[in-house]
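Report on the following structure.
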Amino acid sequence: GREAAPYQEWAAKKVVESFNKRAIDDPTALCLPPGVPRSVMLGLFPQKIVQTPKEIVVLYEYMNTFRMIPLNAKHPDDLLASYMGDSVGHWEGETLVVDVTGFNDKTWLAGTGTFHSEALHVTERYTRVDRDRIDYEVTMDDPKVFTKPWTLTSTLMLREGTRLQEYVCAENNLD
């Protein structure tokens, strides 16, 4: 589901500037990690979810990134700002709820120019509908650039036999 991003007026102008520049300022064009939720929602690239009793590990083919999501844990006090943020998760029935914080401001959230500040706080909900499908809902809250939280939904499909391939990003690639 696509809901318009609730950017504050000044921030919306910045998003439009990126769009008008045809996204030449896309951080991933510089081989920077795509962040959350962009990593999750890039449907062209596979991801692998590994579940253990104490944590969930997600491996993303795109940009060779990964997330470690400890279950029933707290964010560390000495958090350093990062591209993928710091994730902790817990189960609510059949839904994995992941709380993500500790981001830098160098990624885009969804589409062209959808920037955020270091105040970004993300809540993800992964609900396994059946063997082959996980419904994904993400709520992004950033009081420095949004007027209210922004929620997007997507679907993750199991593709039997898919292997993660090496992904090499060549900075300044002209493709």
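Simple scheme: letters A, B, ... for chains in structure tokens order, numbers from 1 for residues in each chain, numbers from 1 for ligands in the order shown.
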Quick one: residues within 7 Å of range 141-156 of chain A, only C-alpha atoms counted, chain neighbours fewer than 3 positions away excluded, as a PDB file with all heavy atoms, in the first residue's frame?
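Output file result_17.pdb is given in full below:
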ATOM      1  N   GLY A   1       0.811  -1.187   0.000  1.00  0.00           N
ATOM      2  CA  GLY A   1       0.000   0.000   0.000  1.00  0.00           C
ATOM      3  C   GLY A   1       0.850   1.244   0.000  1.00  0.00           C
ATOM      4  O   GLY A   1       1.851   1.313   0.688  1.00  0.00           O
ATOM      5  N   ARG A   2       0.463   2.221  -0.783  1.00  0.00           N
ATOM      6  CA  ARG A   2       1.233   3.460  -0.892  1.00  0.00           C
ATOM      7  C   ARG A   2       0.428   4.619  -0.333  1.00  0.00           C
ATOM      8  O   ARG A   2      -0.575   5.029  -0.888  1.00  0.00           O
ATOM      9  CB  ARG A   2       1.571   3.756  -2.352  1.00  0.00           C
ATOM     10  CG  ARG A   2       2.692   2.907  -2.878  1.00  0.00           C
ATOM     11  CD  ARG A   2       4.015   3.567  -2.592  1.00  0.00           C
ATOM     12  NE  ARG A   2       5.100   2.702  -3.024  1.00  0.00           N
ATOM     13  CZ  ARG A   2       6.147   2.434  -2.264  1.00  0.00           C
ATOM     14  NH1 ARG A   2       6.258   2.923  -1.067  1.00  0.00           N
ATOM     15  NH2 ARG A   2       7.109   1.661  -2.730  1.00  0.00           N
ATOM     16  N   GLU A   3       0.889   5.121   0.774  1.00  0.00           N
ATOM     17  CA  GLU A   3       0.293   6.317   1.371  1.00  0.00           C
ATOM     18  C   GLU A   3       1.327   7.411   1.138  1.00  0.00           C
ATOM     19  O   GLU A   3       2.524   7.160   1.237  1.00  0.00           O
ATOM     20  CB  GLU A   3       0.086   6.035   2.871  1.00  0.00           C
ATOM     21  CG  GLU A   3      -0.283   7.224   3.716  1.00  0.00           C
ATOM     22  CD  GLU A   3      -0.112   6.943   5.211  1.00  0.00           C
ATOM     23  OE1 GLU A   3      -0.262   5.788   5.621  1.00  0.00           O
ATOM     24  OE2 GLU A   3       0.175   7.897   5.950  1.00  0.00           O
ATOM     25  N   ALA A   5       3.918  10.192   1.679  1.00  0.00           N
ATOM     26  CA  ALA A   5       4.772  10.454   2.836  1.00  0.00           C
ATOM     27  C   ALA A   5       4.371  11.781   3.475  1.00  0.00           C
ATOM     28  O   ALA A   5       4.244  12.787   2.778  1.00  0.00           O
ATOM     29  CB  ALA A   5       6.231  10.494   2.399  1.00  0.00           C
ATOM     30  N   PRO A   6       4.154  11.785   4.789  1.00  0.00           N
ATOM     31  CA  PRO A   6       3.691  13.005   5.473  1.00  0.00           C
ATOM     32  C   PRO A   6       4.851  13.953   5.825  1.00  0.00           C
ATOM     33  O   PRO A   6       5.123  14.226   6.989  1.00  0.00           O
ATOM     34  CB  PRO A   6       3.022  12.437   6.732  1.00  0.00           C
ATOM     35  CG  PRO A   6       3.812  11.195   7.038  1.00  0.00           C
ATOM     36  CD  PRO A   6       4.216  10.631   5.697  1.00  0.00           C
ATOM     37  N   TYR A   7       5.559  14.417   4.792  1.00  0.00           N
ATOM     38  CA  TYR A   7       6.695  15.308   5.047  1.00  0.00           C
ATOM     39  C   TYR A   7       6.241  16.693   5.467  1.00  0.00           C
ATOM     40  O   TYR A   7       5.234  17.201   4.973  1.00  0.00           O
ATOM     41  CB  TYR A   7       7.565  15.432   3.788  1.00  0.00           C
ATOM     42  CG  TYR A   7       8.533  14.283   3.629  1.00  0.00           C
ATOM     43  CD1 TYR A   7       8.254  13.233   2.767  1.00  0.00           C
ATOM     44  CD2 TYR A   7       9.714  14.242   4.364  1.00  0.00           C
ATOM     45  CE1 TYR A   7       9.137  12.167   2.634  1.00  0.00           C
ATOM     46  CE2 TYR A   7      10.594  13.181   4.238  1.00  0.00           C
ATOM     47  CZ  TYR A   7      10.306  12.150   3.380  1.00  0.00           C
ATOM     48  OH  TYR A   7      11.169  11.103   3.252  1.00  0.00           O
ATOM     49  N   GLN A   8       7.008  17.316   6.365  1.00  0.00           N
ATOM     50  CA  GLN A   8       6.809  18.725   6.675  1.00  0.00           C
ATOM     51  C   GLN A   8       7.092  19.502   5.388  1.00  0.00           C
ATOM     52  O   GLN A   8       7.793  19.029   4.502  1.00  0.00           O
ATOM     53  CB  GLN A   8       7.759  19.155   7.798  1.00  0.00           C
ATOM     54  CG  GLN A   8       7.470  18.468   9.131  1.00  0.00           C
ATOM     55  CD  GLN A   8       8.537  18.750  10.180  1.00  0.00           C
ATOM     56  OE1 GLN A   8       9.265  19.732  10.093  1.00  0.00           O
ATOM     57  NE2 GLN A   8       8.629  17.875  11.175  1.00  0.00           N
ATOM     58  N   ALA A  11      10.603  19.807   4.098  1.00  0.00           N
ATOM     59  CA  ALA A  11      11.171  18.501   3.754  1.00  0.00           C
ATOM     60  C   ALA A  11      10.592  17.997   2.436  1.00  0.00           C
ATOM     61  O   ALA A  11      11.301  17.381   1.627  1.00  0.00           O
ATOM     62  CB  ALA A  11      10.909  17.510   4.880  1.00  0.00           C
ATOM     63  N   MET A  41      12.022  -3.875   1.148  1.00  0.00           N
ATOM     64  CA  MET A  41      10.996  -3.673   0.131  1.00  0.00           C
ATOM     65  C   MET A  41      11.530  -3.711  -1.302  1.00  0.00           C
ATOM     66  O   MET A  41      10.781  -3.486  -2.243  1.00  0.00           O
ATOM     67  CB  MET A  41      10.249  -2.370   0.419  1.00  0.00           C
ATOM     68  CG  MET A  41       9.547  -2.431   1.776  1.00  0.00           C
ATOM     69  SD  MET A  41       8.704  -0.922   2.259  1.00  0.00           S
ATOM     70  CE  MET A  41       7.196  -1.062   1.317  1.00  0.00           C
ATOM     71  N   HIS A 116      15.401  11.008   5.648  1.00  0.00           N
ATOM     72  CA  HIS A 116      14.970  11.058   7.044  1.00  0.00           C
ATOM     73  C   HIS A 116      16.106  11.656   7.861  1.00  0.00           C
ATOM     74  O   HIS A 116      17.205  11.872   7.333  1.00  0.00           O
ATOM     75  CB  HIS A 116      14.618   9.647   7.550  1.00  0.00           C
ATOM     76  CG  HIS A 116      15.764   8.700   7.461  1.00  0.00           C
ATOM     77  ND1 HIS A 116      16.721   8.586   8.441  1.00  0.00           N
ATOM     78  CD2 HIS A 116      16.141   7.841   6.479  1.00  0.00           C
ATOM     79  CE1 HIS A 116      17.628   7.695   8.080  1.00  0.00           C
ATOM     80  NE2 HIS A 116      17.306   7.231   6.876  1.00  0.00           N
ATOM     81  N   SER A 117      15.840  11.894   9.136  1.00  0.00           N
ATOM     82  CA  SER A 117      16.884  12.402  10.034  1.00  0.00           C
ATOM     83  C   SER A 117      17.360  11.274  10.948  1.00  0.00           C
ATOM     84  O   SER A 117      16.847  10.157  10.885  1.00  0.00           O
ATOM     85  CB  SER A 117      16.318  13.553  10.875  1.00  0.00           C
ATOM     86  OG  SER A 117      15.503  13.026  11.920  1.00  0.00           O
ATOM     87  N   ALA A 119      16.650  11.032  13.843  1.00  0.00           N
ATOM     88  CA  ALA A 119      15.578  10.785  14.821  1.00  0.00           C
ATOM     89  C   ALA A 119      14.646   9.660  14.361  1.00  0.00           C
ATOM     90  O   ALA A 119      13.716   9.287  15.078  1.00  0.00           O
ATOM     91  CB  ALA A 119      14.762  12.062  15.036  1.00  0.00           C
ATOM     92  N   LEU A 120      14.902   9.090  13.178  1.00  0.00           N
ATOM     93  CA  LEU A 120      14.028   8.048  12.633  1.00  0.00           C
ATOM     94  C   LEU A 120      13.865   6.873  13.601  1.00  0.00           C
ATOM     95  O   LEU A 120      14.831   6.381  14.175  1.00  0.00           O
ATOM     96  CB  LEU A 120      14.618   7.524  11.317  1.00  0.00           C
ATOM     97  CG  LEU A 120      13.859   6.360  10.659  1.00  0.00           C
ATOM     98  CD1 LEU A 120      12.477   6.804  10.189  1.00  0.00           C
ATOM     99  CD2 LEU A 120      14.665   5.793   9.495  1.00  0.00           C
ATOM    100  N   HIS A 121      12.617   6.452  13.745  1.00  0.00           N
ATOM    101  CA  HIS A 121      12.282   5.269  14.543  1.00  0.00           C
ATOM    102  C   HIS A 121      11.347   4.423  13.690  1.00  0.00           C
ATOM    103  O   HIS A 121      10.333   4.920  13.202  1.00  0.00           O
ATOM    104  CB  HIS A 121      11.604   5.697  15.846  1.00  0.00           C
ATOM    105  CG  HIS A 121      11.184   4.549  16.692  1.00  0.00           C
ATOM    106  ND1 HIS A 121       9.921   4.425  17.202  1.00  0.00           N
ATOM    107  CD2 HIS A 121      11.868   3.459  17.111  1.00  0.00           C
ATOM    108  CE1 HIS A 121       9.838   3.297  17.904  1.00  0.00           C
ATOM    109  NE2 HIS A 121      11.005   2.692  17.860  1.00  0.00           N
ATOM    110  N   VAL A 122      11.719   3.153  13.478  1.00  0.00           N
ATOM    111  CA  VAL A 122      10.959   2.279  12.586  1.00  0.00           C
ATOM    112  C   VAL A 122      10.383   1.113  13.381  1.00  0.00           C
ATOM    113  O   VAL A 122      11.071   0.528  14.223  1.00  0.00           O
ATOM    114  CB  VAL A 122      11.883   1.736  11.455  1.00  0.00           C
ATOM    115  CG1 VAL A 122      11.191   0.663  10.642  1.00  0.00           C
ATOM    116  CG2 VAL A 122      12.347   2.879  10.552  1.00  0.00           C
ATOM    117  N   ARG A 133       4.150 -16.836   2.027  1.00  0.00           N
ATOM    118  CA  ARG A 133       3.888 -15.394   2.051  1.00  0.00           C
ATOM    119  C   ARG A 133       4.011 -14.808   3.453  1.00  0.00           C
ATOM    120  O   ARG A 133       3.471 -15.341   4.414  1.00  0.00           O
ATOM    121  CB  ARG A 133       2.484 -15.138   1.515  1.00  0.00           C
ATOM    122  CG  ARG A 133       2.094 -13.689   1.531  1.00  0.00           C
ATOM    123  CD  ARG A 133       0.743 -13.477   0.879  1.00  0.00           C
ATOM    124  NE  ARG A 133       0.059 -12.379   1.554  1.00  0.00           N
ATOM    125  CZ  ARG A 133      -1.235 -12.161   1.498  1.00  0.00           C
ATOM    126  NH1 ARG A 133      -2.010 -12.960   0.788  1.00  0.00           N
ATOM    127  NH2 ARG A 133      -1.760 -11.154   2.129  1.00  0.00           N
ATOM    128  N   ILE A 134       4.710 -13.682   3.526  1.00  0.00           N
ATOM    129  CA  ILE A 134       4.788 -12.883   4.752  1.00  0.00           C
ATOM    130  C   ILE A 134       4.257 -11.496   4.423  1.00  0.00           C
ATOM    131  O   ILE A 134       4.704 -10.862   3.452  1.00  0.00           O
ATOM    132  CB  ILE A 134       6.242 -12.770   5.271  1.00  0.00           C
ATOM    133  CG1 ILE A 134       6.750 -14.141   5.722  1.00  0.00           C
ATOM    134  CG2 ILE A 134       6.339 -11.754   6.409  1.00  0.00           C
ATOM    135  CD1 ILE A 134       8.231 -14.165   6.094  1.00  0.00           C
ATOM    136  N   ASP A 135       3.273 -11.036   5.182  1.00  0.00           N
ATOM    137  CA  ASP A 135       2.804  -9.653   5.032  1.00  0.00           C
ATOM    138  C   ASP A 135       3.714  -8.763   5.862  1.00  0.00           C
ATOM    139  O   ASP A 135       4.021  -9.070   7.023  1.00  0.00           O
ATOM    140  CB  ASP A 135       1.347  -9.509   5.491  1.00  0.00           C
ATOM    141  CG  ASP A 135       0.365 -10.048   4.455  1.00  0.00           C
ATOM    142  OD1 ASP A 135       0.794 -10.384   3.329  1.00  0.00           O
ATOM    143  OD2 ASP A 135      -0.834 -10.135   4.773  1.00  0.00           O
ATOM    144  N   TYR A 136       4.158  -7.659   5.260  1.00  0.00           N
ATOM    145  CA  TYR A 136       5.100  -6.740   5.889  1.00  0.00           C
ATOM    146  C   TYR A 136       4.432  -5.381   6.042  1.00  0.00           C
ATOM    147  O   TYR A 136       3.869  -4.848   5.089  1.00  0.00           O
ATOM    148  CB  TYR A 136       6.349  -6.627   5.008  1.00  0.00           C
ATOM    149  CG  TYR A 136       7.386  -5.656   5.509  1.00  0.00           C
ATOM    150  CD1 TYR A 136       8.161  -5.960   6.620  1.00  0.00           C
ATOM    151  CD2 TYR A 136       7.610  -4.450   4.858  1.00  0.00           C
ATOM    152  CE1 TYR A 136       9.125  -5.073   7.074  1.00  0.00           C
ATOM    153  CE2 TYR A 136       8.576  -3.559   5.304  1.00  0.00           C
ATOM    154  CZ  TYR A 136       9.333  -3.881   6.410  1.00  0.00           C
ATOM    155  OH  TYR A 136      10.293  -3.005   6.858  1.00  0.00           O
ATOM    156  N   GLU A 137       4.481  -4.862   7.260  1.00  0.00           N
ATOM    157  CA  GLU A 137       3.967  -3.516   7.517  1.00  0.00           C
ATOM    158  C   GLU A 137       5.053  -2.752   8.243  1.00  0.00           C
ATOM    159  O   GLU A 137       5.646  -3.271   9.194  1.00  0.00           O
ATOM    160  CB  GLU A 137       2.707  -3.575   8.392  1.00  0.00           C
ATOM    161  CG  GLU A 137       2.147  -2.190   8.691  1.00  0.00           C
ATOM    162  CD  GLU A 137       0.993  -2.240   9.687  1.00  0.00           C
ATOM    163  OE1 GLU A 137      -0.145  -2.516   9.264  1.00  0.00           O
ATOM    164  OE2 GLU A 137       1.253  -2.019  10.887  1.00  0.00           O
ATOM    165  N   VAL A 138       5.344  -1.548   7.776  1.00  0.00           N
ATOM    166  CA  VAL A 138       6.388  -0.748   8.423  1.00  0.00           C
ATOM    167  C   VAL A 138       5.830   0.639   8.721  1.00  0.00           C
ATOM    168  O   VAL A 138       5.169   1.257   7.889  1.00  0.00           O
ATOM    169  CB  VAL A 138       7.666  -0.665   7.550  1.00  0.00           C
ATOM    170  CG1 VAL A 138       7.376  -0.068   6.174  1.00  0.00           C
ATOM    171  CG2 VAL A 138       8.768   0.102   8.270  1.00  0.00           C
TER     172      VAL A 138
END
Name the residues of range 54-150 of chain A that fall into strand (DSSP E) according to DSSP on the backbone, using the chain letters and numbers of this document, as a PyMOL selection string. chain A and resi 55-60+65-70+86-92+95-101+121-130+133-141+150
Close residues, range 52-56 of chain A itself excluded, 8 Å, only C-alpha atoms, min 5 positions apart in chain, as a compact mmCIF listing (two decimals) with N, CA, C and O atoms, in the first residue's frame:
# COMPACT_ATOMS: atom_id res chain seq x y z
N MET A 68 20.99 -8.42 12.40
CA MET A 68 20.86 -9.34 13.52
C MET A 68 19.74 -8.75 14.38
O MET A 68 19.83 -7.60 14.79
N ILE A 69 18.71 -9.55 14.63
CA ILE A 69 17.56 -9.07 15.41
C ILE A 69 17.41 -9.94 16.65
O ILE A 69 16.77 -11.00 16.60
N PRO A 70 18.04 -9.53 17.77
CA PRO A 70 17.87 -10.31 19.00
C PRO A 70 16.42 -10.23 19.47
O PRO A 70 15.77 -9.20 19.32
N LEU A 71 15.92 -11.36 20.00
CA LEU A 71 14.54 -11.41 20.48
C LEU A 71 14.49 -11.08 21.97
O LEU A 71 15.36 -11.51 22.75
Pairwise distance, CA of Leu158 in chain A with CA of Thr139 in chain A, equals 23.0 Å
Quote the spacing between CA of Tyr167 in chain A and CA of Met84 in chain A in Å to one decimal place. 17.1 Å
The distance between CA of Ser82 in chain A and CA of Phe103 in chain A is 4.9 Å
Tell me which of A:Met140, A:Tyr126, A:Pro46, A:Asp86 sits closest to Gly161 in chain A, counting only C-alpha atoms. A:Pro46
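For the choices A:Val97, A:Gly111, A:Leu164, A:Met63, the atom-to-atom distance to Thr28 in chain A is smallest for A:Met63 when using only C-alpha atoms.
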Identify which of the residues A:Arg38, A:Lys74, A:Arg131, A:Arg159 lies closest to Ala110 in chain A, counting only C-alpha atoms when measuring atom-to-atom distances. A:Arg38
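Shortest atom-to-atom contact with Val98 in chain A among A:Ala170, A:Gly113, A:Lys14, A:Glu124: A:Glu124, counting only C-alpha atoms.
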Ranking A:Ser87, A:Asn104, A:Asn72, A:Ser18 by minimum distance to Pro34 in chain A and counting only C-alpha atoms, which one comes first? A:Asn104
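Every protein or nucleic acid residue with an atom no more than 10 Å from Ser39 in chain A, counting only C-alpha atoms and leaving out same-chain residues fewer than 4 positions away, appears here: A:Pro33, A:Pro34, A:Gly35, A:Gly43, A:Phe45, A:Pro46, A:Gln47, A:Leu59, A:Tyr60, A:Glu61, A:Tyr62, A:Met63, A:Thr65, A:Phe66, A:Met84, A:Trp108, A:Leu109, A:Ala110.
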Write out the residues from the selection above, keeping C-alpha atoms, as a compact mmCIF listing (two decimals), in the first residue's frame.
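Once written, result21.txt looks like this:
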# COMPACT_ATOMS: atom_id res chain seq x y z
CA PRO A 33 23.69 0.44 2.25
CA PRO A 34 19.99 1.01 1.50
CA GLY A 35 18.82 1.03 5.14
CA GLY A 43 11.42 -6.91 -4.43
CA PHE A 45 16.57 -8.82 -4.78
CA PRO A 46 16.18 -11.89 -2.58
CA GLN A 47 16.62 -11.92 1.18
CA LEU A 59 20.62 -11.56 4.87
CA TYR A 60 19.99 -9.20 1.96
CA GLU A 61 21.52 -9.87 -1.44
CA TYR A 62 21.29 -6.18 -2.34
CA MET A 63 24.49 -4.44 -1.21
CA THR A 65 23.85 -6.20 3.98
CA PHE A 66 22.50 -8.09 6.97
CA MET A 84 20.76 -0.37 8.93
CA TRP A 108 16.28 6.80 1.70
CA LEU A 109 13.19 5.11 3.13
CA ALA A 110 11.18 4.05 0.09
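Proximity of A:Arg67, A:Thr127, A:Asp105, A:Thr95 to Ala81 in chain A, computed with only C-alpha atoms, is greatest for A:Asp105.
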Report as a PyMOL selection string all protein, DNA and RNA residues lying within 7 Å of Phe19 in chain A, evaluated on only C-alpha atoms, omitting residues in the same chain fewer than 4 positions from it. chain A and resi 15+23+112-113
